[in-house]
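Shown next: entry37.pdb, containing PDB, C-alpha atoms.
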```pdb
ATOM      1  CA  MET X   8      97.174 122.987  95.023
ATOM      2  CA  ALA X   9      97.029 122.024  98.688
ATOM      3  CA  LYS X  10      95.441 118.691  99.435
ATOM      4  CA  PRO X  11      92.492 119.002 101.852
ATOM      5  CA  ASN X  12      92.967 117.373 105.228
ATOM      6  CA  ASN X  13      89.786 115.306 105.062
ATOM      7  CA  THR X  14      90.546 113.371 101.885
ATOM      8  CA  LEU X  15      92.686 110.448 100.780
ATOM      9  CA  PHE X  16      94.780 111.009  97.626
ATOM     10  CA  PHE X  17      92.421 113.651  96.305
ATOM     11  CA  VAL X  18      93.378 117.162  95.262
ATOM     12  CA  GLN X  19      89.999 118.715  94.465
ATOM     13  CA  GLY X  20      88.182 118.009  97.722
ATOM     14  CA  ASN X  21      85.885 115.330  99.048
ATOM     15  CA  PRO X  22      83.517 114.208  96.250
ATOM     16  CA  GLY X  23      79.948 113.342  97.183
ATOM     17  CA  PHE X  24      79.059 109.706  97.745
ATOM     18  CA  ASP X  25      76.785 109.504  94.707
ATOM     19  CA  ASP X  26      79.600 110.714  92.454
ATOM     20  CA  CYS X  27      82.437 108.650  93.869
ATOM     21  CA  ASP X  28      84.149 105.547  92.493
ATOM     22  CA  ALA X  29      85.487 104.469  95.878
ATOM     23  CA  ALA X  30      84.755 105.216  99.513
ATOM     24  CA  VAL X  31      86.987 105.071 102.569
ATOM     25  CA  LEU X  32      86.197 104.782 106.272
ATOM     26  CA  GLY X  33      88.691 105.119 109.098
ATOM     27  CA  VAL X  34      88.002 103.159 112.278
ATOM     28  CA  ALA X  35      90.026 104.515 115.184
ATOM     29  CA  PHE X  36      89.713 101.469 117.407
ATOM     30  CA  ASP X  37      92.269  99.174 118.999
ATOM     31  CA  GLY X  38      90.221  98.022 121.972
ATOM     32  CA  ASN X  39      90.606  94.378 120.965
ATOM     33  CA  ALA X  40      94.385  94.496 120.624
ATOM     34  CA  SER X  41      96.058  91.998 122.930
ATOM     35  CA  TYR X  42      99.646  93.268 122.826
ATOM     36  CA  GLY X  43     100.823  96.550 121.301
ATOM     37  CA  ARG X  44      98.413  99.488 121.205
ATOM     38  CA  GLY X  45      98.408 102.517 118.926
ATOM     39  CA  ALA X  46      96.603 101.274 115.821
ATOM     40  CA  ALA X  47      93.657 103.537 116.674
ATOM     41  CA  GLU X  48      95.839 106.435 115.542
ATOM     42  CA  ALA X  49      96.508 104.860 112.134
ATOM     43  CA  PRO X  50      93.584 106.127 110.017
ATOM     44  CA  GLN X  51      94.431 109.787 110.570
ATOM     45  CA  ALA X  52      98.162 109.119 110.182
ATOM     46  CA  ILE X  53      97.694 107.209 106.905
ATOM     47  CA  ILE X  54      95.487 109.958 105.471
ATOM     48  CA  LYS X  55      98.044 112.560 106.524
ATOM     49  CA  ALA X  56     100.855 110.523 104.952
ATOM     50  CA  SER X  57      98.881 110.295 101.716
ATOM     51  CA  HIS X  58      98.993 114.087 101.432
ATOM     52  CA  GLN X  59     102.785 113.944 101.163
ATOM     53  CA  MET X  60     102.712 111.621  98.176
ATOM     54  CA  ASP X  61     102.842 112.532  94.539
ATOM     55  CA  ILE X  62      99.883 110.788  92.938
ATOM     56  CA  GLU X  63     100.894 111.162  89.317
ATOM     57  CA  ASN X  64     101.427 107.917  87.448
ATOM     58  CA  PRO X  65     105.105 107.970  86.424
ATOM     59  CA  MET X  66     104.313 106.141  83.179
ATOM     60  CA  THR X  67     101.540 108.448  81.986
ATOM     61  CA  GLY X  68     102.077 111.609  84.001
ATOM     62  CA  LYS X  69      98.366 111.614  84.845
ATOM     63  CA  THR X  70      97.053 112.124  88.362
ATOM     64  CA  LEU X  71      95.055 109.387  90.041
ATOM     65  CA  GLU X  72      91.529 110.044  88.808
ATOM     66  CA  THR X  73      89.544 107.711  91.061
ATOM     67  CA  ALA X  74      86.974 109.818  92.937
ATOM     68  CA  ILE X  75      87.258 108.836  96.589
ATOM     69  CA  HIS X  76      84.551 109.775  99.075
ATOM     70  CA  ASN X  77      85.815 109.914 102.648
ATOM     71  CA  PHE X  78      83.220 108.959 105.252
ATOM     72  CA  GLY X  79      85.612 110.255 107.889
ATOM     73  CA  ILE X  80      86.996 108.527 110.961
ATOM     74  CA  ILE X  81      84.765 106.979 113.598
ATOM     75  CA  GLU X  82      85.928 106.655 117.204
ATOM     76  CA  PRO X  83      83.796 103.908 118.759
ATOM     77  CA  LYS X  84      83.915 103.427 122.521
ATOM     78  CA  ASN X  85      83.688  99.622 122.468
ATOM     79  CA  ALA X  86      83.642  96.612 120.157
ATOM     80  CA  LYS X  87      79.846  96.498 119.843
ATOM     81  CA  GLU X  88      79.700 100.133 118.781
ATOM     82  CA  MET X  89      82.630  99.632 116.407
ATOM     83  CA  ILE X  90      80.965  96.709 114.614
ATOM     84  CA  GLU X  91      77.586  98.429 114.350
ATOM     85  CA  GLU X  92      78.941 101.759 113.067
ATOM     86  CA  THR X  93      81.336 100.133 110.609
ATOM     87  CA  GLU X  94      78.627  97.851 109.237
ATOM     88  CA  ILE X  95      76.262 100.754 108.494
ATOM     89  CA  VAL X  96      78.884 102.507 106.365
ATOM     90  CA  ALA X  97      80.204  99.338 104.724
ATOM     91  CA  LYS X  98      76.711  98.257 103.688
ATOM     92  CA  LYS X  99      75.959 101.672 102.222
ATOM     93  CA  ALA X 100      79.118 101.593 100.124
ATOM     94  CA  LEU X 101      79.047  97.983  99.001
ATOM     95  CA  GLU X 102      75.312  97.863  98.256
ATOM     96  CA  ALA X 103      75.891 100.877  95.997
ATOM     97  CA  ARG X 104      78.702  98.878  94.336
ATOM     98  CA  LYS X 105      81.363 101.350  95.401
ATOM     99  CA  PHE X 106      84.894 100.106  95.915
ATOM    100  CA  PHE X 107      85.337 100.202  99.689
ATOM    101  CA  VAL X 108      88.435 100.840 101.797
ATOM    102  CA  LEU X 109      88.513 100.220 105.547
ATOM    103  CA  LEU X 110      91.422 101.755 107.442
ATOM    104  CA  GLY X 111      91.843 100.264 110.926
ATOM    105  CA  GLY X 112      92.459 100.135 113.773
ATOM    106  CA  ASP X 113      93.278  96.691 115.033
ATOM    107  CA  HIS X 114      92.299  93.705 112.902
ATOM    108  CA  SER X 115      89.033  93.193 114.757
ATOM    109  CA  THR X 116      87.635  96.163 112.810
ATOM    110  CA  VAL X 117      87.024  93.704 109.957
ATOM    111  CA  ASN X 118      84.148  92.291 112.048
ATOM    112  CA  GLY X 119      82.179  95.303 110.864
ATOM    113  CA  LEU X 120      82.441  94.172 107.241
ATOM    114  CA  LEU X 121      81.147  90.648 107.515
ATOM    115  CA  ASN X 122      77.453  91.378 106.951
ATOM    116  CA  ALA X 123      78.271  93.801 104.135
ATOM    117  CA  VAL X 124      80.731  91.966 101.875
ATOM    118  CA  PRO X 125      78.903  90.193  98.999
ATOM    119  CA  GLU X 126      78.377  86.435  99.184
ATOM    120  CA  GLY X 127      80.845  84.454  97.129
ATOM    121  CA  THR X 128      83.765  86.732  97.976
ATOM    122  CA  CYS X 129      87.138  85.265  98.959
ATOM    123  CA  PHE X 130      89.043  86.960 101.761
ATOM    124  CA  VAL X 131      92.735  86.885 100.899
ATOM    125  CA  ASN X 132      94.403  87.366 104.274
ATOM    126  CA  PHE X 133      97.883  88.856 104.228
ATOM    127  CA  ASP X 134      98.761  88.173 107.836
ATOM    128  CA  ALA X 135     101.500  86.832 110.068
ATOM    129  CA  HIS X 136      98.826  84.941 111.993
ATOM    130  CA  LEU X 137      95.967  82.638 111.067
ATOM    131  CA  ASP X 138      93.601  84.396 113.520
ATOM    132  CA  LEU X 139      91.545  81.190 113.681
ATOM    133  CA  ARG X 140      91.036  81.020 117.435
ATOM    134  CA  GLU X 141      87.463  80.590 118.588
ATOM    135  CA  GLU X 142      88.123  83.466 120.988
ATOM    136  CA  TRP X 143      91.051  85.194 122.649
ATOM    137  CA  GLN X 144      91.157  86.702 126.124
ATOM    138  CA  GLY X 145      87.439  85.954 126.404
ATOM    139  CA  LYS X 146      86.528  87.899 123.254
ATOM    140  CA  LYS X 147      84.993  86.281 120.171
ATOM    141  CA  GLU X 148      85.444  89.564 118.295
ATOM    142  CA  SER X 149      89.194  89.631 119.092
ATOM    143  CA  HIS X 150      91.725  90.412 116.394
ATOM    144  CA  ALA X 151      93.104  86.916 117.019
ATOM    145  CA  ALA X 152      89.741  85.359 116.068
ATOM    146  CA  ILE X 153      88.786  87.429 113.018
ATOM    147  CA  ALA X 154      89.440  84.657 110.465
ATOM    148  CA  HIS X 155      87.273  82.298 112.519
ATOM    149  CA  ARG X 156      84.460  84.867 112.350
ATOM    150  CA  ILE X 157      84.976  85.139 108.570
ATOM    151  CA  PHE X 158      84.814  81.345 108.374
ATOM    152  CA  ASP X 159      81.587  81.373 110.414
ATOM    153  CA  LYS X 160      80.035  83.585 107.723
ATOM    154  CA  GLY X 161      80.880  81.022 105.042
ATOM    155  CA  PHE X 162      83.462  83.004 103.089
ATOM    156  CA  GLU X 163      86.336  81.331 101.274
ATOM    157  CA  GLN X 164      89.724  82.332 102.682
ATOM    158  CA  VAL X 165      93.342  82.140 101.581
ATOM    159  CA  TRP X 166      96.256  83.103 103.842
ATOM    160  CA  VAL X 167      99.586  84.527 102.676
ATOM    161  CA  GLY X 168     102.551  85.403 104.875
ATOM    162  CA  THR X 169     101.585  83.239 107.841
ATOM    163  CA  ARG X 170     104.567  82.352 110.015
ATOM    164  CA  ASP X 171     104.801  78.654 110.739
ATOM    165  CA  LEU X 172     104.426  79.224 114.484
ATOM    166  CA  ILE X 173     100.844  78.065 114.956
ATOM    167  CA  ASN X 174      99.029  77.234 118.172
ATOM    168  CA  GLU X 175      97.440  73.839 118.850
ATOM    169  CA  GLU X 176      93.849  75.089 118.570
ATOM    170  CA  GLU X 177      94.512  76.419 115.072
ATOM    171  CA  MET X 178      96.371  73.281 113.976
ATOM    172  CA  LYS X 179      93.328  71.219 114.928
ATOM    173  CA  PHE X 180      90.944  73.612 113.152
ATOM    174  CA  VAL X 181      92.975  73.582 109.915
ATOM    175  CA  SER X 182      93.027  69.775 109.927
ATOM    176  CA  GLU X 183      89.319  69.390 110.699
ATOM    177  CA  GLN X 184      88.256  71.905 108.044
ATOM    178  CA  ASN X 185      90.743  70.559 105.456
ATOM    179  CA  ILE X 186      92.079  74.014 104.546
ATOM    180  CA  ALA X 187      95.833  73.356 104.734
ATOM    181  CA  ASN X 188      96.149  73.959 100.975
ATOM    182  CA  LYS X 189      94.817  77.527 101.486
ATOM    183  CA  ILE X 190      97.683  78.633 103.745
ATOM    184  CA  PHE X 191     100.970  79.988 102.331
ATOM    185  CA  TYR X 192     103.741  80.362 104.856
ATOM    186  CA  SER X 193     106.646  82.725 105.288
ATOM    187  CA  PRO X 194     109.113  80.233 106.774
ATOM    188  CA  SER X 195     110.564  81.140 110.145
ATOM    189  CA  MET X 196     113.336  78.511 109.967
ATOM    190  CA  PRO X 197     116.176  77.992 107.480
ATOM    191  CA  LYS X 198     115.263  76.120 104.312
ATOM    192  CA  ALA X 199     117.549  73.238 105.308
ATOM    193  CA  PHE X 200     115.543  72.741 108.498
ATOM    194  CA  TYR X 201     112.389  71.817 106.591
ATOM    195  CA  LYS X 202     114.192  69.172 104.521
ATOM    196  CA  THR X 203     114.571  67.082 107.650
ATOM    197  CA  GLN X 204     110.978  67.426 108.805
ATOM    198  CA  GLU X 205     107.934  65.285 108.199
ATOM    199  CA  PHE X 206     105.156  67.764 107.545
ATOM    200  CA  PRO X 207     101.939  67.354 109.563
ATOM    201  CA  LYS X 208      98.432  67.284 108.116
ATOM    202  CA  TRP X 209      97.833  70.969 108.867
ATOM    203  CA  MET X 210     100.831  72.208 106.864
ATOM    204  CA  LYS X 211     101.714  71.807 103.172
ATOM    205  CA  LYS X 212     105.422  71.751 102.390
ATOM    206  CA  GLU X 213     104.738  72.993  98.864
ATOM    207  CA  ASN X 214     103.096  76.106 100.317
ATOM    208  CA  MET X 215     106.304  77.372 101.911
ATOM    209  CA  LEU X 216     107.141  80.635 100.142
ATOM    210  CA  PHE X 217     110.732  79.865  99.212
ATOM    211  CA  ASP X 218     110.574  80.736  95.540
ATOM    212  CA  LYS X 219     109.133  83.183  93.039
ATOM    213  CA  HIS X 220     106.275  80.858  92.085
ATOM    214  CA  TYR X 221     104.349  81.765  95.233
ATOM    215  CA  ALA X 222     102.175  84.293  93.376
ATOM    216  CA  LYS X 223     100.806  81.801  90.851
ATOM    217  CA  LYS X 224     100.304  79.091  93.482
ATOM    218  CA  ALA X 225      98.397  81.378  95.816
ATOM    219  CA  LEU X 226      96.386  82.928  92.999
ATOM    220  CA  ASP X 227      95.420  79.513  91.609
ATOM    221  CA  THR X 228      94.078  78.573  95.046
ATOM    222  CA  ILE X 229      91.466  81.356  95.002
ATOM    223  CA  GLU X 230      88.252  79.829  93.665
ATOM    224  CA  SER X 231      86.020  82.910  93.798
ATOM    225  CA  GLU X 232      86.050  85.649  91.195
ATOM    226  CA  LYS X 233      85.359  88.311  93.819
ATOM    227  CA  VAL X 234      88.142  89.069  96.299
ATOM    228  CA  TRP X 235      88.449  91.120  99.464
ATOM    229  CA  LEU X 236      92.072  92.043 100.221
ATOM    230  CA  ASN X 237      92.392  91.672 103.995
ATOM    231  CA  ILE X 238      95.772  93.175 104.868
ATOM    232  CA  ASP X 239      97.245  92.998 108.349
ATOM    233  CA  ILE X 240     100.456  94.996 108.122
ATOM    234  CA  ASP X 241     102.257  92.435 110.301
ATOM    235  CA  CYS X 242     102.421  90.211 107.214
ATOM    236  CA  LEU X 243     105.535  92.254 106.381
ATOM    237  CA  ASP X 244     108.969  91.433 107.676
ATOM    238  CA  LEU X 245     110.143  93.691 110.489
ATOM    239  CA  ARG X 246     113.081  94.775 108.344
ATOM    240  CA  GLU X 247     110.619  96.706 106.184
ATOM    241  CA  GLY X 248     110.443  99.305 108.943
ATOM    242  CA  ILE X 249     106.875  98.839 110.127
ATOM    243  CA  GLU X 250     105.431  99.263 113.603
ATOM    244  CA  THR X 251     102.538  96.957 114.426
ATOM    245  CA  GLY X 252     100.620  95.473 117.315
ATOM    246  CA  VAL X 253     102.072  91.948 117.208
ATOM    247  CA  PRO X 254     105.448  92.255 115.434
ATOM    248  CA  THR X 255     106.606  88.925 114.030
ATOM    249  CA  PRO X 256     109.997  88.319 112.330
ATOM    250  CA  PHE X 257     110.609  86.573 108.981
ATOM    251  CA  GLY X 258     107.658  87.941 107.055
ATOM    252  CA  LEU X 259     106.989  88.989 103.487
ATOM    253  CA  SER X 260     109.146  91.593 101.838
ATOM    254  CA  LEU X 261     107.357  94.700 100.648
ATOM    255  CA  GLU X 262     108.293  93.667  97.119
ATOM    256  CA  THR X 263     106.662  90.251  97.558
ATOM    257  CA  LEU X 264     103.489  91.752  98.997
ATOM    258  CA  ARG X 265     103.325  94.295  96.184
ATOM    259  CA  ASP X 266     103.791  91.700  93.451
ATOM    260  CA  LEU X 267     101.151  89.322  94.780
ATOM    261  CA  ILE X 268      98.533  92.029  95.309
ATOM    262  CA  TYR X 269      99.223  93.294  91.799
ATOM    263  CA  GLU X 270      98.648  89.816  90.334
ATOM    264  CA  ILE X 271      95.384  89.417  92.244
ATOM    265  CA  CYS X 272      94.215  92.865  91.120
ATOM    266  CA  GLN X 273      94.875  91.913  87.494
ATOM    267  CA  LYS X 274      93.131  88.533  87.628
ATOM    268  CA  LYS X 275      90.217  89.010  90.032
ATOM    269  CA  GLU X 276      87.358  91.391  90.766
ATOM    270  CA  ILE X 277      88.450  93.309  93.855
ATOM    271  CA  VAL X 278      85.488  94.335  96.001
ATOM    272  CA  GLY X 279      87.579  96.357  98.442
ATOM    273  CA  PHE X 280      90.369  96.098 100.957
ATOM    274  CA  SER X 281      91.008  96.518 104.655
ATOM    275  CA  LEU X 282      94.299  97.613 106.166
ATOM    276  CA  ALA X 283      94.830  96.924 109.843
ATOM    277  CA  GLU X 284      97.340  96.893 112.704
ATOM    278  CA  VAL X 285      99.458  99.818 111.491
ATOM    279  CA  ILE X 286     100.981 101.701 114.425
ATOM    280  CA  PRO X 287     102.176 105.143 113.317
ATOM    281  CA  ASP X 288     105.799 105.860 114.162
ATOM    282  CA  LYS X 289     107.523 109.192 114.765
ATOM    283  CA  PHE X 290     109.565 108.871 111.569
ATOM    284  CA  GLY X 291     106.458 108.211 109.449
ATOM    285  CA  LYS X 292     107.655 104.918 107.948
ATOM    286  CA  SER X 293     104.691 102.711 108.893
ATOM    287  CA  GLN X 294     102.082 105.165 107.691
ATOM    288  CA  ALA X 295     104.032 105.885 104.498
ATOM    289  CA  ILE X 296     104.129 102.168 103.646
ATOM    290  CA  ALA X 297     100.398 101.905 104.361
ATOM    291  CA  ALA X 298      99.597 104.947 102.222
ATOM    292  CA  MET X 299     101.667 103.582  99.344
ATOM    293  CA  LEU X 300      99.812 100.266  99.480
ATOM    294  CA  CYS X 301      96.494 102.132  99.320
ATOM    295  CA  TYR X 302      97.669 104.209  96.367
ATOM    296  CA  SER X 303      99.056 101.198  94.514
ATOM    297  CA  ILE X 304      95.841  99.185  94.772
ATOM    298  CA  LEU X 305      93.685 102.115  93.668
ATOM    299  CA  SER X 306      95.965 103.013  90.753
ATOM    300  CA  TRP X 307      96.241  99.402  89.525
ATOM    301  CA  LEU X 308      92.471  99.019  89.536
ATOM    302  CA  GLU X 309      92.013 102.382  87.829
ATOM    303  CA  SER X 310      94.402 101.350  85.026
ATOM    304  CA  LYS X 311      92.731  97.955  84.724
ATOM    305  CA  ASN X 312      89.223  99.401  84.430
ATOM    306  CA  LYS X 313      90.036 101.970  81.737
TER     307      LYS X 313
END
```
Entire entry expressed as structure tokens:
Amino acid sequence: MAKPNNTLFFVQGNPGFDDCDAAVLGVAFDGNASYGRGAAEAPQAIIKASHQMDIENPMTGKTLETAIHNFGIIEPKNAKEMIEETEIVAKKALEARKFFVLLGGDHSTVNGLLNAVPEGTCFVNFDAHLDLREEWQGKKESHAAIAHRIFDKGFEQVWVGTRDLINEEEMKFVSEQNIANKIFYSPSMPKAFYKTQEFPKWMKKENMLFDKHYAKKALDTIESEKVWLNIDIDCLDLREGIETGVPTPFGLSLETLRDLIYEICQKKEIVGFSLAEVIPDKFGKSQAIAAMLCYSILSWLESKNK
């Protein structure tokens, strides 16, 4: 059976909101991007890529059964409109206790979630950057300041995949807020380099992701039971074949990202996830990776909840 164009991983059509298990909103907005543009095209491209995937579980042969309501794709004209429109939908979904998926757009689209995500939720940020600037290019709602806005709302945060190339403003913020133990780095230098260095207050040597124990260390750092998976696709290494707004070498492998998200899904209550900064490419690699991540999270949670 053909998969309808307006749905994500769903063969039978777009189920009504009242009957759904999960809801998805696309936000076609990259007006706060400061370097590469094109992420506004990602929601439609990811949904299209999802139609090319087989959604049968290879272990059981059963099709993904999670009923996903698609709110569609909004195309806001500016940041204010983007935040307001996203918040209306996010609140509707999360207040109804629906699992919520936000497909960006640049990473600033997460600003629209901050008044909707339940208190006591930890944002686990898979990101090449800390995004802890007070503002960037005169914009407090910038993608480079989204973690600062999350912090302003009082949410716990953990970072995974951050490259250890951090600006002075963020170094000072990490030290002042005593959150160095919450940041897990993808090292940008050879392992031997770090053996000769005295680590500053804003960086924990033991949080360098050199070994396979990263998953347990990062998971143990999350204090909250509720988790929001905040995925900026630039957390991945460029060798994984992604296109993104601020490409940064020496990131997580797709295998590493998959394994850590799986562990978090097994151990925590996942409220929802956001996926940002995907720039569709002509070969379809970026959007295929994004679609697979969406499918994996939904299928893991479906198996867990049965």
Worksheet item: How many Å separate CA of Thr169 (chain X) from CA of Ser193 (chain X)?
Response: 5.7 Å
Please tabulate, as a Markdown table, the residues of region 237-272 of chain X that come within 7 Å of region 291-304 of chain X, each with its closest pair of atoms and the distance in Å to one decimal, counting only C-alpha atoms and ordering rows by chain, then residue number upward.
```
| residue | atom | partner | partner_atom | distance |
| --- | --- | --- | --- | --- |
| X:Gly248 | CA | X:Lys292 | CA | 6.3 |
| X:Ile249 | CA | X:Ser293 | CA | 4.6 |
| X:Glu250 | CA | X:Ser293 | CA | 5.9 |
```
Worksheet entry | Minimum-distance residue to Asp288 (chain X), chosen among X:Ala29, X:Leu71, X:Leu243, X:Ala52 (using all atoms listed in the file) |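 Counting all atoms listed in the file, the residue closest to Asp288 (chain X) is X:Ala52.
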Worksheet item: Where does the PyMOL selection byres ((chain X and resi 173) around 12) land in this file, that is, which residues does it pick, as a ChimeraX atom specification?
Response: /X:135-140,151,169-172,174-181,190,192,194-195,209-210
Residues from the last selection, C-alpha atoms, saved as a PDB file, in the coordinates of the input:
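Output file part.pdb is given in full below:
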```
ATOM      1  CA  ALA X 135     101.500  86.832 110.068  1.00  0.00           C
ATOM      2  CA  HIS X 136      98.826  84.941 111.993  1.00  0.00           C
ATOM      3  CA  LEU X 137      95.967  82.638 111.067  1.00  0.00           C
ATOM      4  CA  ASP X 138      93.601  84.396 113.520  1.00  0.00           C
ATOM      5  CA  LEU X 139      91.545  81.190 113.681  1.00  0.00           C
ATOM      6  CA  ARG X 140      91.036  81.020 117.435  1.00  0.00           C
ATOM      7  CA  ALA X 151      93.104  86.916 117.019  1.00  0.00           C
ATOM      8  CA  THR X 169     101.585  83.239 107.841  1.00  0.00           C
ATOM      9  CA  ARG X 170     104.567  82.352 110.015  1.00  0.00           C
ATOM     10  CA  ASP X 171     104.801  78.654 110.739  1.00  0.00           C
ATOM     11  CA  LEU X 172     104.426  79.224 114.484  1.00  0.00           C
ATOM     12  CA  ASN X 174      99.029  77.234 118.172  1.00  0.00           C
ATOM     13  CA  GLU X 175      97.440  73.839 118.850  1.00  0.00           C
ATOM     14  CA  GLU X 176      93.849  75.089 118.570  1.00  0.00           C
ATOM     15  CA  GLU X 177      94.512  76.419 115.072  1.00  0.00           C
ATOM     16  CA  MET X 178      96.371  73.281 113.976  1.00  0.00           C
ATOM     17  CA  LYS X 179      93.328  71.219 114.928  1.00  0.00           C
ATOM     18  CA  PHE X 180      90.944  73.612 113.152  1.00  0.00           C
ATOM     19  CA  VAL X 181      92.975  73.582 109.915  1.00  0.00           C
ATOM     20  CA  ILE X 190      97.683  78.633 103.745  1.00  0.00           C
ATOM     21  CA  TYR X 192     103.741  80.362 104.856  1.00  0.00           C
ATOM     22  CA  PRO X 194     109.113  80.233 106.774  1.00  0.00           C
ATOM     23  CA  SER X 195     110.564  81.140 110.145  1.00  0.00           C
ATOM     24  CA  TRP X 209      97.833  70.969 108.867  1.00  0.00           C
ATOM     25  CA  MET X 210     100.831  72.208 106.864  1.00  0.00           C
TER      26      MET X 210
END
```
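Matched in the shown structure by the PyMOL selection byres ((chain X and resi 235) around 9): X:Val124, X:Thr128, X:Cys129, X:Phe130, X:Val131, X:Asn132, X:Lys233, X:Val234, X:Leu236, X:Asn237, X:Glu276, X:Ile277, X:Val278, X:Gly279, X:Phe280, X:Ser281.
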Item to complete: Find the residues near region 259-266 of chain X: any atom within 6 Å, counting all atoms listed in the file, skip ones fewer than 2 places away on the same chain, and give them as number ranges by chain.
Response: X: 168, 243-244, 268-269
Practice prompt. Taking the file above as input, evaluate the PyMOL selection byres ((chain X and resi 91) around 12) and report the hits as an MDAnalysis selection string.
Written response: chainID X and resid 34 81 83:90 92:98 116:123
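CA of Ile54 (chain X) is positioned 5.5 Å from CA of Leu15 (chain X).
What separates CA of Ile186 (chain X) from CA of Val285 (chain X) is a distance of 27.7 Å.
Proximity ranking of X:Glu270, X:Phe158, X:Phe106, X:Thr251 relative to Ala49 (chain X) places X:Thr251 first, based on only C-alpha atoms.
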